[in-house]
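Contents: one structure, followed by commentary.
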Amino acid sequence: MIKLITTIIAIQTFTVIAENSPRHLIKKGLKAYKEGSYTNAIDYLSNTTQTYPDVGHYNLGVAQFRNQEYIKSSNSFEEAVRSQDLSLQADAYYNHGTALLAQTTKITKSEDILNAINLTLEAIEKFELSLMLSPNAIDAKQNHEQASKLRILLEFKRGQSLYNEAEQLLIQEQAKLAKLNYNKAEQQFRKILSELDLDHIKSKEYLSLTVEKIEMLKQAVLDAKSDLTQSLKLIQDYQYQLASKILTHPSKERNYAFDINSELKNRYDQTIQKNQQIINIVNDLLNEVNTAK
């Protein structure tokens with residue numbers, strides 16, 4: 001479970017606090033926060049950041065996080081890390097990373113997975129900076145581990161999404177776009193297996209399926225080229241009908257090849273047209289001969 005350091009820092013004072021002074025607003029913000037009134041806490045604390053840039057932004061970030069304003073919270077903690085207090089700086093880095101991770105929970109669309117991955121990578125960096133300042137911080141170590149696991153999950157989901165999209169495109173015989181997605185999916189699964197988790201079982205399974213589909217599309221183009229070469233040879237040998245049968249034989253694989261290689265389709269169309277013209281001429285000649293008899 002991702003944890004946030006939730007303590008709001010109070011400014012110690014032994015003098016009377018003036019009404020609506022930054023110190024008084026911190027006190028009121030702390031009271032509102034403890035009561036669960038995060039919106040009021042934000043209102044009070046947002047007026048303390050000019051006087052207390054580090055503590056003010058830190059406190060504001062905590063309240064914003066509790067109010068599920070994760071982007072604003074992240075921005076506040078980014079300001080708080082400028083503090084010269086190394087302990088506060090470590091906590092601010094930690095909370096900044098946590099706020100970044102929390103943003104990924106708001107991402108639901110598959111096309112936004114890359115954005116979630118980038119947020120996770122940035123969060124990992126913040127936890128590492130926190131650990132540099134506070135090496136024994138258990139929470140930072142746990143969140144770093146959770147973020148690393150989340151990154152692997154998101155990287156896999158991205159590869160899976162690319163693969164599934166390729167499958168849908170192939171059903172629609174948009175093989176060129178499908179091939180592009182298969183190639184991206186292959187890169188994604190290889191990245192996971194080489195950089196993140198050498199034994200990621202699901203990535204191994206999907207990588208095998210992806211490579212199989214890429215090879216199938218390559219073979220579809222090779223087979224279409226081979227059929228064209230064979231047909232041209234048959235035409236040279238005056239076997240026009242047999243050439244026509246090969247050239248016009250319908251198959252999904254040939255449609256894939258045509259979508260991937262439009263020039264190949266043009267060559268097929270031209271060859272079919274010329275071959276049919278010859279067949280028509282031959283048929284006309286045969287009809288004239290039969291009529292003459």
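In the structure tokens, each chain is lettered A, B, ... as it comes, each chain's residues begin at 1, and ligands are numbered from 1 in order of appearance.
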Shell of 8 Å around region 90-98 of chain A, only C-alpha atoms, local chain residues under 4 positions omitted, as JSON, numbers by chain
{"A": [2, 3, 4, 5, 58, 62, 73, 74, 75, 77, 78, 80, 81, 86, 102, 122, 123, 124, 125, 126, 127, 129, 130, 131, 133, 134, 140, 143]}
Counting only C-alpha atoms, what is within 8 Å of region 204-221 of chain A, bar same-chain residues fewer than 4 positions away, as a PyMOL selection string?
chain A and resi 160+163+175+179+182-183+185-186+189-190+193+199-200+225+253-254+256-258+260-261
Give the answer as one residue: which of A:Leu60, A:Leu264, A:Leu196, A:Ala137 has the shortest atom-to-atom distance to Asp227 (chain A), using only C-alpha atoms?
A:Leu264
Have a look at A:Asn255, A:Gln230, A:Gln273, A:Gln103 and name the one nearest to Leu170 (chain A); count only C-alpha atoms.
A:Asn255
Just to confirm, what's the straight-line distance from CA of Asn275 (chain A) to CA of Gln241 (chain A) in Å (one decimal)?
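According to the coordinates, CA of Asn275 (chain A) and CA of Gln241 (chain A) are separated by 8.6 Å.
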Separation of CA of Thr271 (chain A) from CA of Glu288 (chain A), in Å and rounded to one decimal
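Those two atoms sit 25.8 Å apart.
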Can you measure CA of Ile117 (chain A) to CA of Leu150 (chain A) for me? One decimal in Å is fine.
8.5 Å
Name the closest residue to Ile272 (chain A) among the candidates A:Tyr240, A:Ala41, A:Gly29, A:Asp259; distances are taken between atoms, counting only C-alpha atoms.
A:Tyr240
I'd like to know which of A:Gln270, A:Thr49, A:Asn20, A:Gln239 is closest to Val282 (chain A), using only C-alpha atoms.
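Among A:Gln270, A:Thr49, A:Asn20, A:Gln239, it is A:Gln239 that comes nearest to Val282 (chain A).
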At a cut-off of 9 Å, using only C-alpha atoms, what residues contact Leu228 (chain A)? Leave out same-chain residues fewer than 3 positions from it and give the result as a short mmCIF file (atom, residue, chain, number, x, y, z; two decimals) with N, CA and C atoms, in the first residue's frame.
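Done, and the output landed in around04.cif:
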data_model
loop_
_atom_site.label_atom_id
_atom_site.label_comp_id
_atom_site.auth_asym_id
_atom_site.auth_seq_id
_atom_site.Cartn_x
_atom_site.Cartn_y
_atom_site.Cartn_z
N ASP A 223 5.27 -14.99 -49.60
CA ASP A 223 4.44 -15.91 -50.37
C ASP A 223 3.77 -15.19 -51.54
N ALA A 224 3.30 -13.97 -51.30
CA ALA A 224 2.65 -13.20 -52.37
C ALA A 224 3.65 -12.89 -53.48
N LYS A 225 4.86 -12.56 -53.12
CA LYS A 225 5.91 -12.30 -54.12
C LYS A 225 6.24 -13.56 -54.89
N SER A 231 3.55 -16.88 -61.34
CA SER A 231 2.53 -16.52 -62.35
C SER A 231 3.18 -15.91 -63.59
N LEU A 232 4.15 -15.06 -63.41
CA LEU A 232 4.85 -14.45 -64.55
C LEU A 232 5.55 -15.52 -65.39
N LYS A 233 6.11 -16.52 -64.73
CA LYS A 233 6.76 -17.62 -65.45
C LYS A 233 5.74 -18.43 -66.25
N ALA A 243 -2.03 -19.24 -64.58
CA ALA A 243 -1.50 -18.02 -63.98
C ALA A 243 -2.63 -17.19 -63.37
N ILE A 246 -3.80 -18.56 -60.01
CA ILE A 246 -2.88 -18.24 -58.91
C ILE A 246 -3.00 -16.76 -58.53
N LEU A 247 -3.05 -15.91 -59.56
CA LEU A 247 -3.08 -14.46 -59.31
C LEU A 247 -4.35 -14.00 -58.60
N LEU A 264 3.39 -3.99 -54.32
CA LEU A 264 3.17 -5.39 -54.71
C LEU A 264 1.74 -5.57 -55.23
N ARG A 267 1.50 -4.30 -58.76
CA ARG A 267 2.09 -5.25 -59.72
C ARG A 267 1.13 -6.40 -60.01
N TYR A 268 0.44 -6.85 -58.98
CA TYR A 268 -0.56 -7.91 -59.15
C TYR A 268 -1.67 -7.41 -60.07
N THR A 271 -0.54 -7.15 -63.64
CA THR A 271 -0.32 -8.47 -64.24
C THR A 271 -1.64 -9.17 -64.53
#
